[in-house]
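Raw run_2.cif, mmCIF, C-alpha atoms:
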```cif
data_upload
loop_
_atom_site.group_PDB
_atom_site.id
_atom_site.type_symbol
_atom_site.label_atom_id
_atom_site.label_comp_id
_atom_site.auth_asym_id
_atom_site.auth_seq_id
_atom_site.Cartn_x
_atom_site.Cartn_y
_atom_site.Cartn_z
ATOM 1 C CA SER A 1 -38.484 -99.862 89.790
ATOM 2 C CA GLN A 2 -35.030 -99.109 88.498
ATOM 3 C CA THR A 3 -34.704 -97.704 85.004
ATOM 4 C CA ILE A 4 -31.912 -96.296 82.901
ATOM 5 C CA HIS A 5 -32.402 -93.619 80.282
ATOM 6 C CA GLN A 6 -29.986 -92.963 77.486
ATOM 7 C CA TRP A 7 -30.340 -90.459 74.673
ATOM 8 C CA PRO A 8 -30.322 -89.789 71.832
ATOM 9 C CA ALA A 9 -30.947 -93.167 70.200
ATOM 10 C CA THR A 10 -29.124 -92.230 67.008
ATOM 11 C CA LEU A 11 -26.761 -89.409 66.173
ATOM 12 C CA VAL A 12 -24.886 -88.358 63.046
ATOM 13 C CA GLN A 13 -22.074 -85.901 63.653
ATOM 14 C CA PRO A 14 -19.360 -84.420 61.400
ATOM 15 C CA VAL A 15 -15.699 -85.018 62.104
ATOM 16 C CA GLY A 16 -14.318 -82.400 64.453
ATOM 17 C CA SER A 17 -17.658 -81.608 66.080
ATOM 18 C CA PRO A 18 -18.258 -81.947 69.845
ATOM 19 C CA LEU A 19 -20.215 -84.748 71.458
ATOM 20 C CA SER A 20 -22.346 -85.051 74.579
ATOM 21 C CA LEU A 21 -24.229 -88.229 75.454
ATOM 22 C CA GLU A 22 -26.258 -88.360 78.632
ATOM 23 C CA CYS A 23 -27.346 -91.249 80.796
ATOM 24 C CA THR A 24 -29.590 -91.068 83.853
ATOM 25 C CA VAL A 25 -30.669 -93.739 86.300
ATOM 26 C CA GLU A 26 -33.869 -93.817 88.344
ATOM 27 C CA GLY A 27 -34.907 -95.887 91.309
ATOM 28 C CA THR A 28 -31.522 -96.515 92.879
ATOM 29 C CA SER A 29 -28.943 -94.640 94.882
ATOM 30 C CA ASN A 30 -25.173 -94.523 94.564
ATOM 31 C CA PRO A 31 -24.932 -96.916 91.633
ATOM 32 C CA ASN A 32 -21.714 -97.653 89.835
ATOM 33 C CA LEU A 33 -22.023 -96.290 86.297
ATOM 34 C CA TYR A 34 -20.313 -97.368 83.082
ATOM 35 C CA TRP A 35 -19.836 -96.315 79.460
ATOM 36 C CA TYR A 36 -19.162 -99.038 76.887
ATOM 37 C CA ARG A 37 -18.598 -98.767 73.160
ATOM 38 C CA GLN A 38 -19.166 -101.338 70.469
ATOM 39 C CA ALA A 39 -17.572 -100.539 67.123
ATOM 40 C CA ALA A 40 -19.036 -102.155 64.017
ATOM 41 C CA GLY A 41 -18.300 -105.885 64.049
ATOM 42 C CA ARG A 42 -16.338 -105.597 67.273
ATOM 43 C CA GLY A 43 -16.894 -106.517 70.887
ATOM 44 C CA LEU A 44 -18.029 -104.383 73.793
ATOM 45 C CA GLN A 45 -15.242 -102.235 75.187
ATOM 46 C CA LEU A 46 -15.399 -100.573 78.590
ATOM 47 C CA LEU A 47 -14.514 -96.884 78.247
ATOM 48 C CA PHE A 48 -15.187 -95.332 81.668
ATOM 49 C CA TYR A 49 -16.669 -96.236 84.999
ATOM 50 C CA SER A 50 -17.612 -94.238 88.062
ATOM 51 C CA VAL A 51 -18.139 -95.288 91.674
ATOM 52 C CA GLY A 52 -19.384 -91.878 92.820
ATOM 53 C CA ILE A 53 -19.941 -88.218 92.010
ATOM 54 C CA GLY A 54 -16.865 -86.742 90.386
ATOM 55 C CA GLN A 55 -15.017 -90.093 90.413
ATOM 56 C CA ILE A 56 -14.120 -91.302 86.920
ATOM 57 C CA SER A 57 -11.833 -94.148 85.890
ATOM 58 C CA SER A 58 -10.710 -94.411 82.283
ATOM 59 C CA GLU A 59 -10.040 -97.807 80.783
ATOM 60 C CA VAL A 60 -8.604 -96.746 77.425
ATOM 61 C CA PRO A 61 -6.811 -93.571 76.307
ATOM 62 C CA GLN A 62 -8.751 -91.676 73.657
ATOM 63 C CA ASN A 63 -10.283 -88.325 72.839
ATOM 64 C CA LEU A 64 -13.381 -89.059 74.916
ATOM 65 C CA SER A 65 -14.038 -87.986 78.481
ATOM 66 C CA ALA A 66 -16.717 -88.718 81.060
ATOM 67 C CA SER A 67 -18.222 -86.805 83.938
ATOM 68 C CA ARG A 68 -20.620 -87.574 86.766
ATOM 69 C CA PRO A 69 -22.070 -84.273 87.992
ATOM 70 C CA GLN A 70 -24.869 -85.942 89.974
ATOM 71 C CA ASP A 71 -25.308 -89.332 91.644
ATOM 72 C CA ARG A 72 -27.497 -90.725 88.893
ATOM 73 C CA GLN A 73 -26.184 -88.839 85.873
ATOM 74 C CA PHE A 74 -23.291 -89.919 83.674
ATOM 75 C CA ILE A 75 -22.120 -87.937 80.648
ATOM 76 C CA LEU A 76 -19.805 -88.940 77.804
ATOM 77 C CA SER A 77 -18.151 -86.101 75.911
ATOM 78 C CA SER A 78 -15.695 -85.262 73.200
ATOM 79 C CA LYS A 79 -14.338 -81.911 72.089
ATOM 80 C CA LYS A 80 -13.574 -83.083 68.545
ATOM 81 C CA LEU A 81 -14.962 -86.294 67.113
ATOM 82 C CA LEU A 82 -12.890 -88.626 64.954
ATOM 83 C CA LEU A 83 -14.172 -91.078 62.360
ATOM 84 C CA SER A 84 -12.998 -93.870 64.661
ATOM 85 C CA ASP A 85 -15.423 -92.685 67.349
ATOM 86 C CA SER A 86 -18.328 -94.152 65.392
ATOM 87 C CA GLY A 87 -20.039 -96.968 67.202
ATOM 88 C CA PHE A 88 -22.792 -98.081 69.540
ATOM 89 C CA TYR A 89 -22.449 -96.430 72.961
ATOM 90 C CA LEU A 90 -24.018 -98.081 75.957
ATOM 91 C CA CYS A 91 -24.483 -96.809 79.471
ATOM 92 C CA ALA A 92 -24.917 -99.263 82.349
ATOM 93 C CA TRP A 93 -25.349 -99.249 86.097
ATOM 94 C CA SER A 94 -24.728 -101.883 88.736
ATOM 95 C CA VAL A 95 -25.628 -102.566 92.352
ATOM 96 C CA TRP A 96 -25.506 -105.670 94.532
ATOM 97 C CA VAL A 97 -28.637 -107.805 94.613
ATOM 98 C CA GLU A 98 -27.933 -110.805 96.869
ATOM 99 C CA THR A 99 -24.935 -112.522 95.201
ATOM 100 C CA ASN A 100 -25.387 -110.767 91.889
ATOM 101 C CA TYR A 101 -23.372 -107.690 91.044
ATOM 102 C CA GLY A 102 -25.103 -107.500 87.713
ATOM 103 C CA TYR A 103 -25.201 -104.742 85.172
ATOM 104 C CA THR A 104 -28.291 -103.180 83.638
ATOM 105 C CA PHE A 105 -27.704 -101.602 80.255
ATOM 106 C CA GLY A 106 -29.492 -98.766 78.549
ATOM 107 C CA SER A 107 -30.830 -98.973 75.017
ATOM 108 C CA GLY A 108 -27.740 -97.354 73.539
ATOM 109 C CA THR A 109 -26.818 -94.506 71.202
ATOM 110 C CA ARG A 110 -25.689 -95.321 67.693
ATOM 111 C CA LEU A 111 -23.162 -92.642 66.713
ATOM 112 C CA THR A 112 -22.025 -92.179 63.134
ATOM 113 C CA VAL A 113 -19.210 -89.719 62.531
ATOM 114 C CA VAL A 114 -19.115 -88.514 58.921
ATOM 115 C CA ASP B 1 -5.620 -113.008 77.951
ATOM 116 C CA ALA B 2 -9.123 -114.357 77.400
ATOM 117 C CA LYS B 3 -10.585 -115.939 80.512
ATOM 118 C CA THR B 4 -13.261 -117.827 78.591
ATOM 119 C CA THR B 5 -13.509 -119.704 75.317
ATOM 120 C CA GLN B 6 -16.779 -120.022 73.408
ATOM 121 C CA PRO B 7 -17.634 -121.319 69.935
ATOM 122 C CA PRO B 8 -18.174 -118.405 67.543
ATOM 123 C CA SER B 9 -21.569 -119.613 66.364
ATOM 124 C CA MET B 10 -24.249 -122.235 66.947
ATOM 125 C CA ASP B 11 -27.557 -123.140 65.373
ATOM 126 C CA CYS B 12 -30.683 -124.390 67.063
ATOM 127 C CA ALA B 13 -34.142 -125.340 65.846
ATOM 128 C CA GLU B 14 -37.056 -123.488 67.364
ATOM 129 C CA GLY B 15 -38.567 -125.406 70.285
ATOM 130 C CA ARG B 16 -35.438 -127.441 70.904
ATOM 131 C CA ALA B 17 -32.993 -126.953 73.755
ATOM 132 C CA ALA B 18 -30.000 -124.750 73.049
ATOM 133 C CA ASN B 19 -26.841 -125.786 74.904
ATOM 134 C CA LEU B 20 -24.104 -123.179 74.818
ATOM 135 C CA PRO B 21 -20.698 -124.298 76.112
ATOM 136 C CA CYS B 22 -18.012 -122.198 77.748
ATOM 137 C CA ASN B 23 -14.501 -123.143 78.837
ATOM 138 C CA HIS B 24 -12.895 -121.273 81.733
ATOM 139 C CA SER B 25 -10.008 -123.501 82.749
ATOM 140 C CA THR B 26 -8.165 -120.791 84.705
ATOM 141 C CA ILE B 27 -11.112 -119.759 86.864
ATOM 142 C CA SER B 28 -10.196 -118.995 90.467
ATOM 143 C CA GLY B 29 -12.115 -120.056 93.558
ATOM 144 C CA ASN B 30 -13.886 -116.738 94.124
ATOM 145 C CA GLU B 31 -14.827 -116.040 90.521
ATOM 146 C CA TYR B 32 -18.400 -116.368 89.351
ATOM 147 C CA VAL B 33 -19.580 -117.453 85.905
ATOM 148 C CA TYR B 34 -21.973 -114.933 84.370
ATOM 149 C CA TRP B 35 -23.991 -115.190 81.179
ATOM 150 C CA TYR B 36 -25.313 -112.205 79.261
ATOM 151 C CA ARG B 37 -26.860 -111.983 75.833
ATOM 152 C CA GLN B 38 -27.108 -109.177 73.306
ATOM 153 C CA ILE B 39 -29.901 -109.091 70.798
ATOM 154 C CA HIS B 40 -28.994 -107.131 67.687
ATOM 155 C CA SER B 41 -28.869 -103.342 68.255
ATOM 156 C CA GLN B 42 -29.778 -103.647 71.926
ATOM 157 C CA GLY B 43 -27.814 -103.496 75.159
ATOM 158 C CA PRO B 44 -26.654 -106.732 76.798
ATOM 159 C CA GLN B 45 -29.125 -108.475 79.073
ATOM 160 C CA TYR B 46 -28.266 -110.450 82.201
ATOM 161 C CA ILE B 47 -29.312 -114.109 82.013
ATOM 162 C CA ILE B 48 -27.895 -116.031 84.952
ATOM 163 C CA HIS B 49 -24.815 -116.488 87.105
ATOM 164 C CA GLY B 50 -23.331 -119.122 89.410
ATOM 165 C CA LEU B 51 -20.342 -120.008 91.539
ATOM 166 C CA LYS B 52 -20.230 -123.802 91.703
ATOM 167 C CA ASN B 53 -23.780 -125.072 92.004
ATOM 168 C CA ASN B 54 -26.124 -125.456 89.073
ATOM 169 C CA GLU B 55 -28.574 -122.610 88.795
ATOM 170 C CA THR B 56 -31.962 -122.176 87.147
ATOM 171 C CA ASN B 57 -34.188 -119.183 86.630
ATOM 172 C CA GLU B 58 -37.068 -118.275 84.370
ATOM 173 C CA MET B 59 -34.751 -117.693 81.429
ATOM 174 C CA ALA B 60 -32.214 -120.504 81.528
ATOM 175 C CA SER B 61 -30.235 -123.109 83.427
ATOM 176 C CA LEU B 62 -26.531 -122.969 84.155
ATOM 177 C CA ILE B 63 -24.607 -126.195 84.571
ATOM 178 C CA ILE B 64 -21.088 -125.844 86.020
ATOM 179 C CA THR B 65 -18.761 -128.839 86.033
ATOM 180 C CA GLU B 66 -17.458 -130.086 89.364
ATOM 181 C CA ASP B 67 -13.930 -128.814 88.633
ATOM 182 C CA ARG B 68 -15.482 -125.475 87.523
ATOM 183 C CA LYS B 69 -13.379 -125.436 84.379
ATOM 184 C CA SER B 70 -16.368 -125.325 82.061
ATOM 185 C CA SER B 71 -20.050 -124.572 82.045
ATOM 186 C CA THR B 72 -23.101 -124.857 79.821
ATOM 187 C CA LEU B 73 -25.968 -122.439 79.431
ATOM 188 C CA ILE B 74 -29.196 -124.195 78.579
ATOM 189 C CA LEU B 75 -32.188 -122.501 76.979
ATOM 190 C CA PRO B 76 -34.769 -125.285 77.381
ATOM 191 C CA HIS B 77 -37.121 -124.340 74.547
ATOM 192 C CA ALA B 78 -35.442 -121.901 72.196
ATOM 193 C CA THR B 79 -37.583 -119.380 70.339
ATOM 194 C CA LEU B 80 -36.764 -117.070 67.444
ATOM 195 C CA ARG B 81 -36.453 -114.249 69.992
ATOM 196 C CA ASP B 82 -33.507 -116.066 71.565
ATOM 197 C CA THR B 83 -31.363 -115.342 68.496
ATOM 198 C CA ALA B 84 -28.537 -113.255 69.958
ATOM 199 C CA VAL B 85 -24.858 -113.191 70.891
ATOM 200 C CA TYR B 86 -24.327 -114.996 74.203
ATOM 201 C CA TYR B 87 -21.418 -113.985 76.410
ATOM 202 C CA CYS B 88 -19.873 -116.164 79.091
ATOM 203 C CA ILE B 89 -17.956 -113.991 81.563
ATOM 204 C CA VAL B 90 -15.843 -114.968 84.547
ATOM 205 C CA ARG B 91 -15.456 -112.319 87.237
ATOM 206 C CA GLU B 92 -15.230 -111.831 90.961
ATOM 207 C CA GLY B 93 -17.047 -109.456 93.220
ATOM 208 C CA TYR B 94 -16.966 -105.866 92.105
ATOM 209 C CA SER B 95 -14.755 -106.400 89.096
ATOM 210 C CA THR B 96 -15.925 -104.800 85.868
ATOM 211 C CA LEU B 97 -17.656 -106.800 83.153
ATOM 212 C CA THR B 98 -15.271 -107.679 80.345
ATOM 213 C CA PHE B 99 -16.939 -109.014 77.221
ATOM 214 C CA GLY B 100 -15.276 -111.427 74.815
ATOM 215 C CA LYS B 101 -16.546 -112.320 71.358
ATOM 216 C CA GLY B 102 -19.323 -114.603 72.585
ATOM 217 C CA THR B 103 -21.364 -117.168 70.680
ATOM 218 C CA MET B 104 -23.806 -116.109 67.975
ATOM 219 C CA LEU B 105 -26.856 -118.327 68.468
ATOM 220 C CA LEU B 106 -29.181 -118.524 65.492
ATOM 221 C CA VAL B 107 -32.584 -120.057 66.206
ATOM 222 C CA SER B 108 -34.347 -121.170 63.046
ATOM 223 C CA PRO B 109 -37.989 -122.125 62.425
#
```
Mind converting the file's structure to structure tokens?
Amino acid sequence: SQTIHQWPATLVQPVGSPLSLECTVEGTSNPNLYWYRQAAGRGLQLLFYSVGIGQISSEVPQNLSASRPQDRQFILSSKKLLLSDSGFYLCAWSVWVETNYGYTFGSGTRLTVV
Amino acid sequence: DAKTTQPPSMDCAEGRAANLPCNHSTISGNEYVYWYRQIHSQGPQYIIHGLKNNETNEMASLIITEDRKSSTLILPHATLRDTAVYYCIVREGYSTLTFGKGTMLLVSP
């Protein structure tokens, strides 16, 4: 069966520190992968998506970056965190199943920048 | 521009049907209607999707009007665990999922 792993579940980081969040997918090949962020009281915002190894599309300009070093691994990074980077970060993958190009989301990482 | 319009909140008594409306008056012929929900502090969960026919699965039913300008998600027997934000999303093919503000459904005992 297909599963998505995302860690850590919670993270508290000081302003100016680096960030690395990892997401891995099992049970599927060549998925599209996504990073979303949900700030407190706000909606889900798509940050990055990837259709293949080394292929990253950015939806919003910011001090975050993403990388896809392997087919089923997606990493979200920052060199220097800002207070505004706090939020709930979600990784997702998608593949076609009949007529459904649905997304499966991970359990998320709650990041607090202090 | 928002593609869908949903009420910000709704209440439902446990055991009753929850009917969540969504307006999508500018939907194009090849766009599907998707419904996801997000329980507090969890990732969104796929519920159901449809193009023009009504659809039903183990979670819910989706009723799409004949002109496709609106739809209703029906949870036939709401439970406390159905308390969540419900998102109605219009998209075609491989397009990315764009979430609006959704409807906060509160199911009460």
Legend entry - For chain B, the nearest of the candidates A:Thr112, A:Ser1, A:Asn32, A:Ser107, counting only C-alpha atoms: A:Ser107
Identify the residues around (-19.5, -97.6, 85.5) within a radius of 7 Å, measuring from all atoms listed in the file in the coordinates stated by the file, and give them as a short mmCIF file (atom, residue, chain, number, x, y, z; two decimals) with C-alpha atoms, keeping the file's coordinate frame.
```cif
data_model
loop_
_atom_site.label_atom_id
_atom_site.label_comp_id
_atom_site.auth_asym_id
_atom_site.auth_seq_id
_atom_site.Cartn_x
_atom_site.Cartn_y
_atom_site.Cartn_z
CA ASN A 32 -21.71 -97.65 89.84
CA LEU A 33 -22.02 -96.29 86.30
CA TYR A 34 -20.31 -97.37 83.08
CA TRP A 35 -19.84 -96.32 79.46
CA PHE A 48 -15.19 -95.33 81.67
CA TYR A 49 -16.67 -96.24 85.00
CA SER A 50 -17.61 -94.24 88.06
CA VAL A 51 -18.14 -95.29 91.67
CA ALA A 92 -24.92 -99.26 82.35
CA TRP A 93 -25.35 -99.25 86.10
#
```
Quick one: everything within 10 Å of Gly102 of chain A, counting all atoms listed in the file, minus sequence neighbours fewer than 4 positions away in the same chain. Send it as a tab-separated table (two decimals) with C-alpha atoms, in the coordinates of the input.
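What landed in around01.tsv:
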```tsv
chain	number	residue	atom	x	y	z
A	92	ALA	CA	-24.92	-99.26	82.35
A	93	TRP	CA	-25.35	-99.25	86.10
A	94	SER	CA	-24.73	-101.88	88.74
A	95	VAL	CA	-25.63	-102.57	92.35
A	96	TRP	CA	-25.51	-105.67	94.53
A	97	VAL	CA	-28.64	-107.80	94.61
B	34	TYR	CA	-21.97	-114.93	84.37
B	36	TYR	CA	-25.31	-112.20	79.26
B	45	GLN	CA	-29.12	-108.48	79.07
B	46	TYR	CA	-28.27	-110.45	82.20
B	47	ILE	CA	-29.31	-114.11	82.01
B	48	ILE	CA	-27.90	-116.03	84.95
B	49	HIS	CA	-24.82	-116.49	87.10
B	93	GLY	CA	-17.05	-109.46	93.22
B	94	TYR	CA	-16.97	-105.87	92.10
B	96	THR	CA	-15.92	-104.80	85.87
B	97	LEU	CA	-17.66	-106.80	83.15
```
Legend entry - Test item: chain B residues at most 6 Å from chain A, counting only C-alpha atoms, as a PyMOL selection string: chain B and resi 42-43+99+101
Write out the residues from the selection above, keeping C-alpha atoms, as an mmCIF file, keeping the file's coordinate frame.
```cif
data_model
loop_
_atom_site.group_PDB
_atom_site.id
_atom_site.type_symbol
_atom_site.label_atom_id
_atom_site.label_comp_id
_atom_site.auth_asym_id
_atom_site.auth_seq_id
_atom_site.Cartn_x
_atom_site.Cartn_y
_atom_site.Cartn_z
ATOM 1 C CA GLN B 42 -29.778 -103.647 71.926
ATOM 2 C CA GLY B 43 -27.814 -103.496 75.159
ATOM 3 C CA PHE B 99 -16.939 -109.014 77.221
ATOM 4 C CA LYS B 101 -16.546 -112.320 71.358
#
```
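Here atom CA of Gly16 of chain A is placed at a distance of 6.4 Å from atom CA of Leu82 of chain A.
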Give me the box for segment 15-33 of chain B as AutoDock Vina command-line options, namely the centre and edge lengths in Å to one decimal of a box along x, y and z that holds every listed atom plus 4 Å on each side.
```
--center_x -23.4 --center_y -121.7 --center_z 82.2 --size_x 38.4 --size_y 19.4 --size_z 31.8
```
Inset, instruction - With the file shown as input, list the residues that the PyMOL selection byres ((chain B and resi 86) around 8) selects, as a PyMOL selection string. - result: chain B and resi 35-38+84-85+87-88+102-105
Distance query 7 Å from (-11.6, -124.0, 85.0) using all atoms listed in the file, result as a short mmCIF file (atom, residue, chain, number, x, y, z; two decimals) with C-alpha atoms, keeping the file's coordinate frame:
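For reference, part03.cif as written:
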```
data_model
loop_
_atom_site.label_atom_id
_atom_site.label_comp_id
_atom_site.auth_asym_id
_atom_site.auth_seq_id
_atom_site.Cartn_x
_atom_site.Cartn_y
_atom_site.Cartn_z
CA ASN B 23 -14.50 -123.14 78.84
CA HIS B 24 -12.90 -121.27 81.73
CA SER B 25 -10.01 -123.50 82.75
CA THR B 26 -8.16 -120.79 84.70
CA ILE B 27 -11.11 -119.76 86.86
CA ASP B 67 -13.93 -128.81 88.63
CA ARG B 68 -15.48 -125.48 87.52
CA LYS B 69 -13.38 -125.44 84.38
CA SER B 70 -16.37 -125.32 82.06
#
```
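Here atom CA of Ser17 of chain A is placed at a distance of 5.5 Å from atom CA of Leu81 of chain A.
Atom pair atom CA of Ser41 of chain B / atom CA of Thr79 of chain B: separated by 18.4 Å.
The protein and nucleic acid residues lying at most 7 Å from Ala18 of chain B are Cys12, Ile74, Leu75, Pro76 and Ala78 of chain B, with all atoms listed in the file considered and sequence neighbours fewer than 4 positions away removed.
Every residue that the PyMOL selection byres ((chain B and resi 80) around 8) selects in this file is listed here: Glu14, Ala78, Thr79, Arg81, Asp82, Thr83, Leu106, Val107, Ser108 and Pro109 of chain B.
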With the PyMOL selection byres ((chain B and resi 29) around 10) as the selection, what would be picked from this file? Answer as a PDB file with C-alpha atoms, in the coordinates of the input, please.
```pdb
ATOM      1  CA  THR B  26      -8.165-120.791  84.705  1.00  0.00           C
ATOM      2  CA  ILE B  27     -11.112-119.759  86.864  1.00  0.00           C
ATOM      3  CA  SER B  28     -10.196-118.995  90.467  1.00  0.00           C
ATOM      4  CA  ASN B  30     -13.886-116.738  94.124  1.00  0.00           C
ATOM      5  CA  GLU B  31     -14.827-116.040  90.521  1.00  0.00           C
ATOM      6  CA  TYR B  32     -18.400-116.368  89.351  1.00  0.00           C
ATOM      7  CA  LEU B  51     -20.342-120.008  91.539  1.00  0.00           C
ATOM      8  CA  LYS B  52     -20.230-123.802  91.703  1.00  0.00           C
ATOM      9  CA  ARG B  68     -15.482-125.475  87.523  1.00  0.00           C
ATOM     10  CA  GLU B  92     -15.230-111.831  90.961  1.00  0.00           C
TER      11      GLU B  92
END
```
Inset, instruction - Using all atoms listed in the file, determine which residues lie at most 9 Å from Asp71 of chain A, disregarding the query and same-chain residues fewer than 4 positions distant; provide the list as a PyMOL selection string. - result: chain A and resi 25+29-31+52-54
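Proximity of A:Gln6, A:Val113, A:Thr28, A:Pro14 to Arg72 of chain A, computed with only C-alpha atoms, is greatest for A:Thr28.
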Legend entry - Among listed residues B:Ser95, B:Thr4, B:Asn53, B:Thr72, nearest Leu20 of chain B (using all atoms listed in the file): B:Thr72
Legend entry - Selection: 7 Å around Glu26 of chain A, all atoms listed in the file, excl. self and same-chain fewer than 2 positions, as a PyMOL selection string: chain A and resi 2-4+24+28
So that I have them on file, write out the residues from the current selection with C-alpha atoms, as a PDB file, keeping the file's coordinate frame.
```pdb
ATOM      1  CA  GLN A   2     -35.030 -99.109  88.498  1.00  0.00           C
ATOM      2  CA  THR A   3     -34.704 -97.704  85.004  1.00  0.00           C
ATOM      3  CA  ILE A   4     -31.912 -96.296  82.901  1.00  0.00           C
ATOM      4  CA  THR A  24     -29.590 -91.068  83.853  1.00  0.00           C
ATOM      5  CA  THR A  28     -31.522 -96.515  92.879  1.00  0.00           C
TER       6      THR A  28
END
```
